[in-house]
Amino acid sequence: MLKVNLRHLEELGLHLKGELPVAELDLDIKDDLIRLEKPLRYDLAVELLNDAVLVTGSLVLPLDCECARCLKRFKTDLKLTGWALHLPLEGEDKVSVENDCVDLTPFVREDILLDFPQHPLCRPDCAGLKSKTARRPKAVEKTVPEVWAKLDKLKLK
Ligand SMILES: [Zn+2]
């Protein structure tokens, strides 16, 4: 788990840098096009404010994707740079502290999921499977003469 020990924070703050195994992130990804094979990399500065913990930094999760249009495999990174997390230690929304530690994992999980790509594309303008246009399903071919027929009627008017 990605934890912050509040005792270590008291004076100067902390710098957390490392990797978190994907299994511990426990992302429930139902997308067959995206595989997670590498750990999340984090690089975070943690400060203790008067009544809160402030976490800022970056999260990088390598993704092994299959393009939703052309099915090509490609790798990309889900990057959250300038990530900031404000965790109150007092009041109604206060974060749970166990043995002086705050677990950052659920917050990381939530923000990774919010940014998770829905339809991974190898590049934004991917044209899809060009080679397969020649093998168009018959149903599509049948509609083509109909379209021409309609166009011919339009020209006659
Ligand atoms: Zn593609």
# chains A, B, ... in the order shown; residues from 1 in each chain; ligands from 1
call {"tool": "residues_around", "arguments": {"residues": "Val95 (chain A)", "least_positions_apart": "2", "cutoff": "12 Å", "atoms": "only C-alpha atoms", "output": "MDAnalysis selection string"}}
result
chainID A and resid 4 6 51:54 85:93 97:98 100:104 106:107
call {"tool": "residues_near_ligand", "arguments": {"ligand": "ligand 1", "cutoff": "7 Å", "atoms": "only C-alpha atoms and all ligand atoms", "output": "ChimeraX atom specification"}}
result
/A:67-72,121-123,126-128
call {"tool": "residues_around", "arguments": {"residues": "Thr81 (chain A)", "least_positions_apart": "5", "cutoff": "9 Å", "atoms": "only C-alpha atoms", "output": "PyMOL selection string"}}
result
chain A and resi 56-60
call {"tool": "atom_distance", "arguments": {"atom1": "CA of Lys75 (chain A)", "atom2": "CA of Leu20 (chain A)"}}
result
18.7 Å
call {"tool": "closest_residue", "arguments": {"among": "A:Glu19, A:Arg7, A:Leu25, A:Lys150", "to": "Asn99 (chain A)", "atoms": "only C-alpha atoms"}}
result
A:Arg7
call {"tool": "decode", "arguments": {"residues": "region 42-77 of chain A", "atoms": "N, CA and C atoms", "output": "PDB file, in the first residue's frame"}}
result
ATOM      1  N   TYR A  42       5.141   6.462  -8.683  1.00  0.00           N
ATOM      2  CA  TYR A  42       4.702   7.693  -8.020  1.00  0.00           C
ATOM      3  C   TYR A  42       5.902   8.511  -7.576  1.00  0.00           C
ATOM      4  N   ASP A  43       5.691   9.798  -7.577  1.00  0.00           N
ATOM      5  CA  ASP A  43       6.718  10.741  -7.154  1.00  0.00           C
ATOM      6  C   ASP A  43       5.963  11.882  -6.487  1.00  0.00           C
ATOM      7  N   LEU A  44       5.916  11.833  -5.169  1.00  0.00           N
ATOM      8  CA  LEU A  44       4.993  12.703  -4.444  1.00  0.00           C
ATOM      9  C   LEU A  44       5.680  13.447  -3.303  1.00  0.00           C
ATOM     10  N   ALA A  45       5.256  14.680  -3.124  1.00  0.00           N
ATOM     11  CA  ALA A  45       5.695  15.449  -1.964  1.00  0.00           C
ATOM     12  C   ALA A  45       4.524  15.496  -0.996  1.00  0.00           C
ATOM     13  N   VAL A  46       4.792  15.217   0.251  1.00  0.00           N
ATOM     14  CA  VAL A  46       3.737  15.192   1.253  1.00  0.00           C
ATOM     15  C   VAL A  46       4.052  16.218   2.335  1.00  0.00           C
ATOM     16  N   GLU A  47       3.082  17.076   2.606  1.00  0.00           N
ATOM     17  CA  GLU A  47       3.281  18.115   3.620  1.00  0.00           C
ATOM     18  C   GLU A  47       2.178  18.022   4.649  1.00  0.00           C
ATOM     19  N   LEU A  48       2.536  18.343   5.852  1.00  0.00           N
ATOM     20  CA  LEU A  48       1.534  18.410   6.902  1.00  0.00           C
ATOM     21  C   LEU A  48       1.134  19.869   7.087  1.00  0.00           C
ATOM     22  N   LEU A  49      -0.141  20.150   6.837  1.00  0.00           N
ATOM     23  CA  LEU A  49      -0.659  21.496   7.085  1.00  0.00           C
ATOM     24  C   LEU A  49      -1.243  21.498   8.499  1.00  0.00           C
ATOM     25  N   ASN A  50      -1.874  22.590   8.880  1.00  0.00           N
ATOM     26  CA  ASN A  50      -2.418  22.657  10.235  1.00  0.00           C
ATOM     27  C   ASN A  50      -3.344  21.491  10.569  1.00  0.00           C
ATOM     28  N   ASP A  51      -4.297  21.264   9.696  1.00  0.00           N
ATOM     29  CA  ASP A  51      -5.274  20.214   9.998  1.00  0.00           C
ATOM     30  C   ASP A  51      -5.510  19.310   8.791  1.00  0.00           C
ATOM     31  N   ALA A  52      -4.499  19.187   7.989  1.00  0.00           N
ATOM     32  CA  ALA A  52      -4.660  18.370   6.785  1.00  0.00           C
ATOM     33  C   ALA A  52      -3.304  17.905   6.272  1.00  0.00           C
ATOM     34  N   VAL A  53      -3.375  16.922   5.400  1.00  0.00           N
ATOM     35  CA  VAL A  53      -2.170  16.469   4.704  1.00  0.00           C
ATOM     36  C   VAL A  53      -2.331  16.863   3.240  1.00  0.00           C
ATOM     37  N   LEU A  54      -1.293  17.454   2.698  1.00  0.00           N
ATOM     38  CA  LEU A  54      -1.334  17.838   1.294  1.00  0.00           C
ATOM     39  C   LEU A  54      -0.327  16.985   0.525  1.00  0.00           C
ATOM     40  N   VAL A  55      -0.847  16.314  -0.499  1.00  0.00           N
ATOM     41  CA  VAL A  55       0.011  15.463  -1.330  1.00  0.00           C
ATOM     42  C   VAL A  55       0.008  16.048  -2.741  1.00  0.00           C
ATOM     43  N   THR A  56       1.180  16.287  -3.286  1.00  0.00           N
ATOM     44  CA  THR A  56       1.258  16.785  -4.661  1.00  0.00           C
ATOM     45  C   THR A  56       2.351  16.025  -5.396  1.00  0.00           C
ATOM     46  N   GLY A  57       2.169  15.881  -6.700  1.00  0.00           N
ATOM     47  CA  GLY A  57       3.205  15.204  -7.473  1.00  0.00           C
ATOM     48  C   GLY A  57       2.635  14.525  -8.690  1.00  0.00           C
ATOM     49  N   SER A  58       3.284  13.431  -9.080  1.00  0.00           N
ATOM     50  CA  SER A  58       2.854  12.776 -10.313  1.00  0.00           C
ATOM     51  C   SER A  58       2.681  11.278 -10.123  1.00  0.00           C
ATOM     52  N   LEU A  59       1.734  10.757 -10.915  1.00  0.00           N
ATOM     53  CA  LEU A  59       1.470   9.322 -10.954  1.00  0.00           C
ATOM     54  C   LEU A  59       1.561   8.902 -12.413  1.00  0.00           C
ATOM     55  N   VAL A  60       2.265   7.811 -12.663  1.00  0.00           N
ATOM     56  CA  VAL A  60       2.388   7.323 -14.036  1.00  0.00           C
ATOM     57  C   VAL A  60       2.085   5.824 -14.042  1.00  0.00           C
ATOM     58  N   LEU A  61       1.088   5.461 -14.831  1.00  0.00           N
ATOM     59  CA  LEU A  61       0.738   4.043 -14.937  1.00  0.00           C
ATOM     60  C   LEU A  61       0.912   3.592 -16.394  1.00  0.00           C
ATOM     61  N   PRO A  62       1.888   2.703 -16.644  1.00  0.00           N
ATOM     62  CA  PRO A  62       2.072   2.221 -18.020  1.00  0.00           C
ATOM     63  C   PRO A  62       0.905   1.315 -18.435  1.00  0.00           C
ATOM     64  N   LEU A  63       0.393   1.558 -19.639  1.00  0.00           N
ATOM     65  CA  LEU A  63      -0.721   0.756 -20.153  1.00  0.00           C
ATOM     66  C   LEU A  63      -0.280   0.009 -21.401  1.00  0.00           C
ATOM     67  N   ASP A  64      -0.699  -1.226 -21.488  1.00  0.00           N
ATOM     68  CA  ASP A  64      -0.435  -2.029 -22.665  1.00  0.00           C
ATOM     69  C   ASP A  64      -1.784  -2.160 -23.382  1.00  0.00           C
ATOM     70  N   CYS A  65      -1.930  -1.421 -24.477  1.00  0.00           N
ATOM     71  CA  CYS A  65      -3.254  -1.282 -25.090  1.00  0.00           C
ATOM     72  C   CYS A  65      -3.349  -1.967 -26.440  1.00  0.00           C
ATOM     73  N   GLU A  66      -4.598  -2.181 -26.839  1.00  0.00           N
ATOM     74  CA  GLU A  66      -4.887  -2.620 -28.189  1.00  0.00           C
ATOM     75  C   GLU A  66      -5.777  -1.531 -28.766  1.00  0.00           C
ATOM     76  N   CYS A  67      -5.382  -1.002 -29.930  1.00  0.00           N
ATOM     77  CA  CYS A  67      -6.136   0.109 -30.513  1.00  0.00           C
ATOM     78  C   CYS A  67      -7.572  -0.335 -30.799  1.00  0.00           C
ATOM     79  N   ALA A  68      -8.538   0.473 -30.373  1.00  0.00           N
ATOM     80  CA  ALA A  68      -9.943   0.131 -30.556  1.00  0.00           C
ATOM     81  C   ALA A  68     -10.346   0.148 -32.030  1.00  0.00           C
ATOM     82  N   ARG A  69      -9.561   0.810 -32.891  1.00  0.00           N
ATOM     83  CA  ARG A  69      -9.914   0.873 -34.314  1.00  0.00           C
ATOM     84  C   ARG A  69      -9.131  -0.103 -35.175  1.00  0.00           C
ATOM     85  N   CYS A  70      -7.801  -0.143 -34.991  1.00  0.00           N
ATOM     86  CA  CYS A  70      -7.005  -0.978 -35.908  1.00  0.00           C
ATOM     87  C   CYS A  70      -6.438  -2.219 -35.220  1.00  0.00           C
ATOM     88  N   LEU A  71      -6.704  -2.378 -33.949  1.00  0.00           N
ATOM     89  CA  LEU A  71      -6.299  -3.562 -33.178  1.00  0.00           C
ATOM     90  C   LEU A  71      -4.795  -3.721 -32.998  1.00  0.00           C
ATOM     91  N   LYS A  72      -4.053  -2.688 -33.393  1.00  0.00           N
ATOM     92  CA  LYS A  72      -2.609  -2.732 -33.194  1.00  0.00           C
ATOM     93  C   LYS A  72      -2.301  -2.573 -31.698  1.00  0.00           C
ATOM     94  N   ARG A  73      -1.285  -3.313 -31.251  1.00  0.00           N
ATOM     95  CA  ARG A  73      -0.880  -3.164 -29.847  1.00  0.00           C
ATOM     96  C   ARG A  73       0.037  -1.959 -29.718  1.00  0.00           C
ATOM     97  N   PHE A  74      -0.142  -1.236 -28.674  1.00  0.00           N
ATOM     98  CA  PHE A  74       0.758  -0.116 -28.417  1.00  0.00           C
ATOM     99  C   PHE A  74       0.830   0.135 -26.924  1.00  0.00           C
ATOM    100  N   LYS A  75       1.895   0.816 -26.536  1.00  0.00           N
ATOM    101  CA  LYS A  75       2.066   1.124 -25.122  1.00  0.00           C
ATOM    102  C   LYS A  75       1.908   2.623 -24.909  1.00  0.00           C
ATOM    103  N   THR A  76       1.305   2.959 -23.829  1.00  0.00           N
ATOM    104  CA  THR A  76       1.161   4.365 -23.508  1.00  0.00           C
ATOM    105  C   THR A  76       1.208   4.497 -21.988  1.00  0.00           C
ATOM    106  N   ASP A  77       1.297   5.710 -21.527  1.00  0.00           N
ATOM    107  CA  ASP A  77       1.303   5.937 -20.085  1.00  0.00           C
ATOM    108  C   ASP A  77       0.098   6.775 -19.697  1.00  0.00           C
TER     109      ASP A  77
END
